[in-house]
file model.txt (compact mmCIF, N, CA and C atoms)
# COMPACT_ATOMS: atom_id res chain seq x y z
N GLU A 145 79.41 -80.27 152.47
CA GLU A 145 79.03 -80.63 153.83
C GLU A 145 79.99 -80.07 154.87
N ASN A 146 81.20 -79.77 154.46
CA ASN A 146 82.19 -79.26 155.41
C ASN A 146 82.37 -77.75 155.32
N SER A 147 81.46 -77.04 154.65
CA SER A 147 81.63 -75.60 154.47
C SER A 147 81.25 -74.84 155.74
N LEU A 148 81.76 -73.62 155.82
CA LEU A 148 81.48 -72.75 156.95
C LEU A 148 80.01 -72.33 156.97
N VAL A 149 79.45 -72.07 155.81
CA VAL A 149 78.04 -71.65 155.71
C VAL A 149 77.13 -72.76 156.24
N ARG A 150 77.41 -73.98 155.88
CA ARG A 150 76.58 -75.09 156.36
C ARG A 150 76.70 -75.24 157.86
N ALA A 151 77.88 -75.06 158.40
CA ALA A 151 78.07 -75.16 159.85
C ALA A 151 77.27 -74.06 160.56
N GLU A 152 77.22 -72.85 159.98
CA GLU A 152 76.45 -71.76 160.59
C GLU A 152 74.95 -72.09 160.59
N TRP A 153 74.44 -72.59 159.47
CA TRP A 153 73.02 -72.95 159.39
C TRP A 153 72.70 -74.11 160.34
N ALA A 154 73.59 -75.06 160.47
CA ALA A 154 73.36 -76.18 161.39
C ALA A 154 73.32 -75.68 162.82
N ALA A 155 74.16 -74.69 163.18
CA ALA A 155 74.15 -74.12 164.53
C ALA A 155 72.85 -73.37 164.78
N ARG A 156 72.34 -72.65 163.79
CA ARG A 156 71.07 -71.93 163.93
C ARG A 156 69.90 -72.90 164.13
N ALA A 157 69.91 -74.01 163.42
CA ALA A 157 68.80 -74.96 163.46
C ALA A 157 68.89 -75.92 164.64
N GLU A 158 69.97 -75.85 165.40
CA GLU A 158 70.17 -76.82 166.47
C GLU A 158 69.04 -76.79 167.49
N GLY A 159 68.53 -75.63 167.85
CA GLY A 159 67.44 -75.56 168.81
C GLY A 159 66.07 -75.81 168.20
N LEU A 160 65.98 -75.75 166.88
CA LEU A 160 64.70 -75.88 166.21
C LEU A 160 64.42 -77.30 165.70
N ALA A 161 65.44 -78.01 165.38
CA ALA A 161 65.25 -79.33 164.78
C ALA A 161 66.18 -80.34 165.41
N ARG A 162 65.81 -81.59 165.26
CA ARG A 162 66.61 -82.67 165.79
C ARG A 162 66.90 -83.63 164.64
N GLU A 163 68.13 -84.03 164.51
CA GLU A 163 68.51 -84.94 163.43
C GLU A 163 68.13 -86.36 163.82
N THR A 164 67.34 -86.99 162.97
CA THR A 164 66.90 -88.36 163.27
C THR A 164 67.64 -89.39 162.45
N GLY A 165 68.23 -88.99 161.38
CA GLY A 165 68.97 -89.93 160.55
C GLY A 165 69.48 -89.21 159.32
N ARG A 166 70.54 -89.73 158.77
CA ARG A 166 71.13 -89.10 157.61
C ARG A 166 71.63 -90.19 156.68
N ARG A 167 71.49 -89.90 155.39
CA ARG A 167 71.96 -90.82 154.37
C ARG A 167 72.52 -90.01 153.24
N SER A 168 73.68 -90.35 152.77
CA SER A 168 74.31 -89.65 151.65
C SER A 168 74.19 -90.48 150.39
N VAL A 169 73.80 -89.80 149.32
CA VAL A 169 73.71 -90.46 148.02
C VAL A 169 74.43 -89.59 147.01
N THR A 170 74.94 -90.22 145.95
CA THR A 170 75.62 -89.47 144.90
C THR A 170 75.03 -89.87 143.56
N GLY A 171 75.00 -88.93 142.66
CA GLY A 171 74.52 -89.21 141.31
C GLY A 171 73.00 -89.15 141.22
N SER A 172 72.52 -88.93 140.00
CA SER A 172 71.08 -88.80 139.80
C SER A 172 70.35 -90.13 139.94
N LYS A 173 71.00 -91.25 139.64
CA LYS A 173 70.34 -92.54 139.76
C LYS A 173 69.98 -92.81 141.22
N ALA A 174 70.85 -92.46 142.14
CA ALA A 174 70.57 -92.64 143.55
C ALA A 174 69.38 -91.78 143.99
N TRP A 175 69.26 -90.59 143.42
CA TRP A 175 68.13 -89.72 143.76
C TRP A 175 66.81 -90.36 143.33
N PHE A 176 66.76 -90.85 142.08
CA PHE A 176 65.51 -91.43 141.60
C PHE A 176 65.22 -92.76 142.27
N ASP A 177 66.24 -93.55 142.59
CA ASP A 177 66.02 -94.80 143.31
C ASP A 177 65.45 -94.54 144.69
N SER A 178 65.92 -93.49 145.36
CA SER A 178 65.42 -93.21 146.71
C SER A 178 63.98 -92.74 146.67
N GLN A 179 63.56 -92.16 145.56
CA GLN A 179 62.17 -91.69 145.45
C GLN A 179 61.20 -92.84 145.20
N THR A 180 61.69 -93.93 144.65
CA THR A 180 60.80 -95.04 144.32
C THR A 180 60.84 -96.16 145.34
N THR A 181 61.67 -96.08 146.35
CA THR A 181 61.76 -97.16 147.32
C THR A 181 60.94 -96.87 148.56
N ARG A 182 59.73 -96.42 148.35
CA ARG A 182 58.81 -96.22 149.47
C ARG A 182 58.13 -97.54 149.77
N GLU A 183 56.98 -97.46 150.40
CA GLU A 183 56.26 -98.68 150.73
C GLU A 183 55.87 -99.43 149.47
N PRO A 184 56.07 -100.74 149.46
CA PRO A 184 55.67 -101.49 148.27
C PRO A 184 54.16 -101.51 148.14
N ALA A 185 53.70 -101.45 146.91
CA ALA A 185 52.26 -101.48 146.66
C ALA A 185 51.72 -102.87 146.99
N PRO A 186 50.49 -102.95 147.46
CA PRO A 186 49.93 -104.27 147.75
C PRO A 186 49.79 -105.09 146.47
N ALA A 187 49.99 -106.37 146.63
CA ALA A 187 49.94 -107.25 145.46
C ALA A 187 48.52 -107.29 144.91
N ALA A 188 48.42 -107.27 143.60
CA ALA A 188 47.11 -107.36 142.96
C ALA A 188 46.57 -108.77 143.13
N PRO A 189 45.25 -108.89 143.26
CA PRO A 189 44.69 -110.24 143.40
C PRO A 189 44.92 -111.04 142.13
N ARG A 190 45.09 -112.32 142.31
CA ARG A 190 45.28 -113.19 141.15
C ARG A 190 44.00 -113.25 140.35
N PRO A 191 44.10 -113.37 139.04
CA PRO A 191 42.88 -113.45 138.24
C PRO A 191 42.12 -114.74 138.55
N PRO A 192 40.81 -114.71 138.42
CA PRO A 192 40.02 -115.91 138.67
C PRO A 192 40.35 -117.00 137.66
N PRO A 193 39.99 -118.23 137.98
CA PRO A 193 40.21 -119.32 137.01
C PRO A 193 39.41 -119.06 135.73
N LYS A 194 39.92 -119.60 134.64
CA LYS A 194 39.29 -119.38 133.33
C LYS A 194 37.85 -119.88 133.29
N TRP A 195 37.54 -120.98 133.96
CA TRP A 195 36.19 -121.52 133.91
C TRP A 195 35.20 -120.59 134.60
N LYS A 196 35.64 -119.87 135.64
CA LYS A 196 34.76 -118.91 136.30
C LYS A 196 34.50 -117.72 135.38
N LEU A 197 35.54 -117.24 134.71
CA LEU A 197 35.37 -116.13 133.77
C LEU A 197 34.46 -116.54 132.62
N TRP A 198 34.61 -117.75 132.13
CA TRP A 198 33.76 -118.24 131.06
C TRP A 198 32.31 -118.27 131.50
N LEU A 199 32.06 -118.76 132.71
CA LEU A 199 30.70 -118.85 133.21
C LEU A 199 30.07 -117.47 133.39
N VAL A 200 30.82 -116.53 133.90
CA VAL A 200 30.30 -115.16 134.06
C VAL A 200 30.03 -114.53 132.70
N ASN A 201 30.94 -114.72 131.75
CA ASN A 201 30.74 -114.17 130.41
C ASN A 201 29.52 -114.78 129.72
N MET A 202 29.35 -116.08 129.84
CA MET A 202 28.20 -116.74 129.24
C MET A 202 26.89 -116.25 129.87
N SER A 203 26.90 -116.08 131.18
CA SER A 203 25.68 -115.61 131.84
C SER A 203 25.39 -114.15 131.51
N ALA A 204 26.37 -113.41 131.05
CA ALA A 204 26.15 -112.02 130.63
C ALA A 204 25.77 -111.92 129.16
N VAL A 205 26.29 -112.80 128.31
CA VAL A 205 26.09 -112.68 126.87
C VAL A 205 24.85 -113.44 126.39
N PHE A 206 24.59 -114.60 126.95
CA PHE A 206 23.50 -115.43 126.44
C PHE A 206 22.12 -114.77 126.52
N PRO A 207 21.71 -114.19 127.66
CA PRO A 207 20.35 -113.61 127.70
C PRO A 207 20.10 -112.50 126.68
N PRO A 208 21.00 -111.51 126.51
CA PRO A 208 20.68 -110.50 125.50
C PRO A 208 20.71 -111.03 124.07
N VAL A 209 21.57 -112.00 123.79
CA VAL A 209 21.58 -112.58 122.44
C VAL A 209 20.27 -113.32 122.19
N LEU A 210 19.82 -114.08 123.17
CA LEU A 210 18.56 -114.80 123.02
C LEU A 210 17.39 -113.83 122.83
N LEU A 211 17.31 -112.79 123.67
CA LEU A 211 16.23 -111.81 123.54
C LEU A 211 16.29 -111.08 122.21
N PHE A 212 17.48 -110.73 121.78
CA PHE A 212 17.63 -110.05 120.49
C PHE A 212 17.14 -110.94 119.36
N ASN A 213 17.51 -112.23 119.40
CA ASN A 213 17.09 -113.17 118.35
C ASN A 213 15.58 -113.39 118.36
N LEU A 214 14.97 -113.42 119.54
CA LEU A 214 13.54 -113.67 119.63
C LEU A 214 12.69 -112.43 119.37
N LEU A 215 13.15 -111.27 119.83
CA LEU A 215 12.30 -110.09 119.80
C LEU A 215 12.63 -109.11 118.67
N VAL A 216 13.89 -108.99 118.29
CA VAL A 216 14.27 -107.95 117.33
C VAL A 216 14.51 -108.52 115.93
N LEU A 217 15.20 -109.63 115.82
CA LEU A 217 15.55 -110.15 114.50
C LEU A 217 14.36 -110.49 113.62
N PRO A 218 13.22 -110.95 114.14
CA PRO A 218 12.09 -111.18 113.23
C PRO A 218 11.64 -109.93 112.48
N TYR A 219 11.83 -108.75 113.08
CA TYR A 219 11.46 -107.51 112.40
C TYR A 219 12.53 -107.05 111.40
N LEU A 220 13.71 -107.65 111.48
CA LEU A 220 14.80 -107.26 110.59
C LEU A 220 15.09 -108.34 109.54
N ALA A 221 14.11 -109.17 109.23
CA ALA A 221 14.33 -110.29 108.31
C ALA A 221 14.70 -109.81 106.91
N ASP A 222 14.21 -108.66 106.51
CA ASP A 222 14.50 -108.17 105.16
C ASP A 222 15.87 -107.51 105.05
N LEU A 223 16.50 -107.28 106.16
CA LEU A 223 17.79 -106.58 106.18
C LEU A 223 18.91 -107.53 105.76
N ASN A 224 19.93 -106.98 105.17
CA ASN A 224 21.11 -107.74 104.76
C ASN A 224 21.68 -108.48 105.99
N PRO A 225 22.04 -109.77 105.86
CA PRO A 225 22.57 -110.52 107.01
C PRO A 225 23.81 -109.88 107.64
N LEU A 226 24.61 -109.22 106.82
CA LEU A 226 25.79 -108.56 107.36
C LEU A 226 25.39 -107.44 108.32
N PHE A 227 24.44 -106.61 107.92
CA PHE A 227 24.00 -105.52 108.78
C PHE A 227 23.21 -106.02 109.99
N ARG A 228 22.44 -107.09 109.78
CA ARG A 228 21.70 -107.69 110.89
C ARG A 228 22.65 -108.20 111.96
N THR A 229 23.70 -108.88 111.54
CA THR A 229 24.70 -109.40 112.48
C THR A 229 25.46 -108.27 113.14
N LEU A 230 25.79 -107.24 112.36
CA LEU A 230 26.47 -106.08 112.93
C LEU A 230 25.62 -105.41 114.00
N LEU A 231 24.34 -105.26 113.73
CA LEU A 231 23.42 -104.66 114.70
C LEU A 231 23.33 -105.51 115.96
N LEU A 232 23.27 -106.82 115.79
CA LEU A 232 23.25 -107.74 116.93
C LEU A 232 24.51 -107.58 117.77
N CYS A 233 25.67 -107.60 117.13
CA CYS A 233 26.94 -107.50 117.85
C CYS A 233 27.08 -106.17 118.56
N LEU A 234 26.74 -105.08 117.88
CA LEU A 234 26.87 -103.76 118.50
C LEU A 234 25.96 -103.60 119.71
N SER A 235 24.73 -104.01 119.57
CA SER A 235 23.79 -103.82 120.69
C SER A 235 24.11 -104.75 121.86
N VAL A 236 24.40 -106.00 121.60
CA VAL A 236 24.69 -106.94 122.68
C VAL A 236 26.00 -106.57 123.37
N THR A 237 27.00 -106.18 122.61
CA THR A 237 28.27 -105.78 123.22
C THR A 237 28.10 -104.56 124.11
N ALA A 238 27.32 -103.60 123.67
CA ALA A 238 27.08 -102.41 124.49
C ALA A 238 26.33 -102.77 125.78
N ILE A 239 25.30 -103.59 125.66
CA ILE A 239 24.53 -103.99 126.85
C ILE A 239 25.41 -104.75 127.83
N VAL A 240 26.20 -105.68 127.31
CA VAL A 240 27.05 -106.49 128.19
C VAL A 240 28.15 -105.64 128.82
N THR A 241 28.77 -104.77 128.05
CA THR A 241 29.90 -103.98 128.55
C THR A 241 29.48 -102.97 129.60
N TRP A 242 28.40 -102.23 129.35
CA TRP A 242 28.07 -101.12 130.25
C TRP A 242 26.97 -101.43 131.25
N ILE A 243 26.22 -102.48 131.05
CA ILE A 243 25.11 -102.75 131.97
C ILE A 243 25.32 -104.06 132.73
N LEU A 244 25.47 -105.16 132.01
CA LEU A 244 25.46 -106.47 132.67
C LEU A 244 26.76 -106.83 133.38
N MET A 245 27.91 -106.69 132.69
CA MET A 245 29.17 -107.13 133.30
C MET A 245 29.53 -106.39 134.58
N PRO A 246 29.40 -105.06 134.65
CA PRO A 246 29.72 -104.41 135.93
C PRO A 246 28.84 -104.92 137.08
N ARG A 247 27.56 -105.16 136.80
CA ARG A 247 26.68 -105.66 137.85
C ARG A 247 27.01 -107.09 138.23
N LEU A 248 27.29 -107.93 137.24
CA LEU A 248 27.65 -109.31 137.53
C LEU A 248 28.97 -109.41 138.30
N GLN A 249 29.94 -108.61 137.91
CA GLN A 249 31.23 -108.65 138.61
C GLN A 249 31.07 -108.19 140.06
N ARG A 250 30.26 -107.15 140.28
CA ARG A 250 30.02 -106.69 141.64
C ARG A 250 29.28 -107.76 142.45
N PHE A 251 28.28 -108.39 141.82
CA PHE A 251 27.48 -109.40 142.50
C PHE A 251 28.29 -110.65 142.81
N LEU A 252 29.18 -111.03 141.91
CA LEU A 252 29.96 -112.27 142.05
C LEU A 252 31.39 -112.03 142.53
N LYS A 253 31.67 -110.86 143.09
CA LYS A 253 33.05 -110.50 143.47
C LYS A 253 33.64 -111.49 144.47
N LYS A 254 32.88 -111.88 145.47
CA LYS A 254 33.42 -112.81 146.48
C LYS A 254 33.64 -114.20 145.91
N TRP A 255 32.88 -114.57 144.89
CA TRP A 255 33.07 -115.87 144.27
C TRP A 255 34.25 -115.83 143.31
N LEU A 256 34.40 -114.72 142.58
CA LEU A 256 35.52 -114.60 141.64
C LEU A 256 36.84 -114.38 142.36
N TYR A 257 36.82 -113.51 143.38
CA TYR A 257 38.02 -113.17 144.14
C TYR A 257 37.77 -113.48 145.61
N PRO A 258 37.88 -114.74 146.02
CA PRO A 258 37.60 -115.06 147.42
C PRO A 258 38.60 -114.36 148.34
N PRO A 259 38.19 -114.08 149.59
CA PRO A 259 39.12 -113.43 150.52
C PRO A 259 40.38 -114.25 150.70
N LEU A 260 41.48 -113.58 150.96
CA LEU A 260 42.78 -114.24 151.06
C LEU A 260 42.79 -115.25 152.20
N GLN A 261 42.16 -114.94 153.33
CA GLN A 261 42.16 -115.88 154.45
C GLN A 261 41.41 -117.16 154.10
N ALA A 262 40.35 -117.04 153.32
CA ALA A 262 39.61 -118.24 152.93
C ALA A 262 40.46 -119.14 152.04
N LEU A 263 41.30 -118.52 151.20
CA LEU A 263 42.18 -119.32 150.35
C LEU A 263 43.22 -120.06 151.16
N ARG A 264 43.66 -119.45 152.23
CA ARG A 264 44.70 -120.06 153.07
C ARG A 264 44.12 -121.01 154.11
N GLY A 265 42.80 -121.12 154.19
CA GLY A 265 42.19 -122.02 155.15
C GLY A 265 42.14 -121.47 156.56
N ARG A 266 42.24 -120.16 156.71
CA ARG A 266 42.26 -119.56 158.04
C ARG A 266 40.94 -118.90 158.41
N HIS A 267 39.93 -119.08 157.59
CA HIS A 267 38.67 -118.43 157.90
C HIS A 267 37.98 -119.14 159.06
N LYS A 268 37.24 -118.40 159.83
CA LYS A 268 36.55 -118.97 160.96
C LYS A 268 35.10 -119.21 160.57
N ARG A 269 34.61 -120.34 160.93
CA ARG A 269 33.22 -120.64 160.66
C ARG A 269 32.38 -120.18 161.82
N ARG A 270 31.25 -119.63 161.48
CA ARG A 270 30.34 -119.16 162.52
C ARG A 270 29.61 -120.34 163.12
N THR A 271 29.49 -120.33 164.41
CA THR A 271 28.74 -121.39 165.07
C THR A 271 27.40 -120.83 165.49
N ALA A 272 26.37 -121.58 165.25
CA ALA A 272 25.01 -121.08 165.56
C ALA A 272 24.62 -121.45 166.97
call {"tool": "encode", "arguments": {"input": "model.txt", "output": "structure tokens"}}
result
Amino acid sequence: ENSLVRAEWAARAEGLARETGRRSVTGSKAWFDSQTTREPAPAAPRPPPKWKLWLVNMSAVFPPVLLFNLLVLPYLADLNPLFRTLLLCLSVTAIVTWILMPRLQRFLKKWLYPPLQALRGRHKRRTA
């Protein structure tokens, strides 16, 4: 910092740039710490209560299991129970994972994750 070359470059840059602040750090740990101390990430929303998750899961799993038992299993009566159960699990899990749960979570998002202001009691009620 006290070299002649640095002083020459600082004199050249004097008309082009303005110093707004300076901080000196030493060692590699200080370099990596300074790179990670930017704006803190917003806090993730708290997970919904277990009873809400249970209710959403039941509403996603029960209908396809019921339909599978009523519509498909009578045609598979001769099949080994192990394979019948495996087929039930594979098909219902696929339907729930890729079709029903994403739609249910999107539909019930405000119920599962209520807005922060509503949790704090600061929401305004609309007057008619």
call {"tool": "closest_residue", "arguments": {"input": "model.txt", "among": "A:Thr241, A:Ser235, A:Thr229, A:Ser168", "to": "Glu145 in chain A", "atoms": "only C-alpha atoms"}}
result
A:Ser168
call {"tool": "atom_distance", "arguments": {"input": "model.txt", "atom1": "CA of Asn213 in chain A", "atom2": "atom N of Leu244 in chain A"}}
result
17.9 Å
call {"tool": "atom_distance", "arguments": {"input": "model.txt", "atom1": "CA of Leu256 in chain A", "atom2": "CA of Trp198 in chain A"}}
result
11.3 Å
call {"tool": "residues_near_point", "arguments": {"input": "model.txt", "point": "(36.5, -111.9, 137.6)", "cutoff": "7 Å", "atoms": "all atoms listed in the file", "output": "ChimeraX atom specification"}}
result
/A:191-192,196-197,249,253,256-257
call {"tool": "select_by_dssp", "arguments": {"input": "model.txt", "residues": "range 202-240 of chain A", "states": "alpha helix (DSSP H)", "output": "number ranges by chain"}}
result
A: 202-211, 225-239
call {"tool": "atom_distance", "arguments": {"input": "model.txt", "atom1": "atom N of Met245 in chain A", "atom2": "CA of Val205 in chain A"}}
result
8.5 Å
call {"tool": "closest_residue", "arguments": {"input": "model.txt", "among": "A:Val236, A:Ala151, A:Leu252, A:Leu160", "to": "Phe206 in chain A", "atoms": "only C-alpha atoms"}}
result
A:Val236
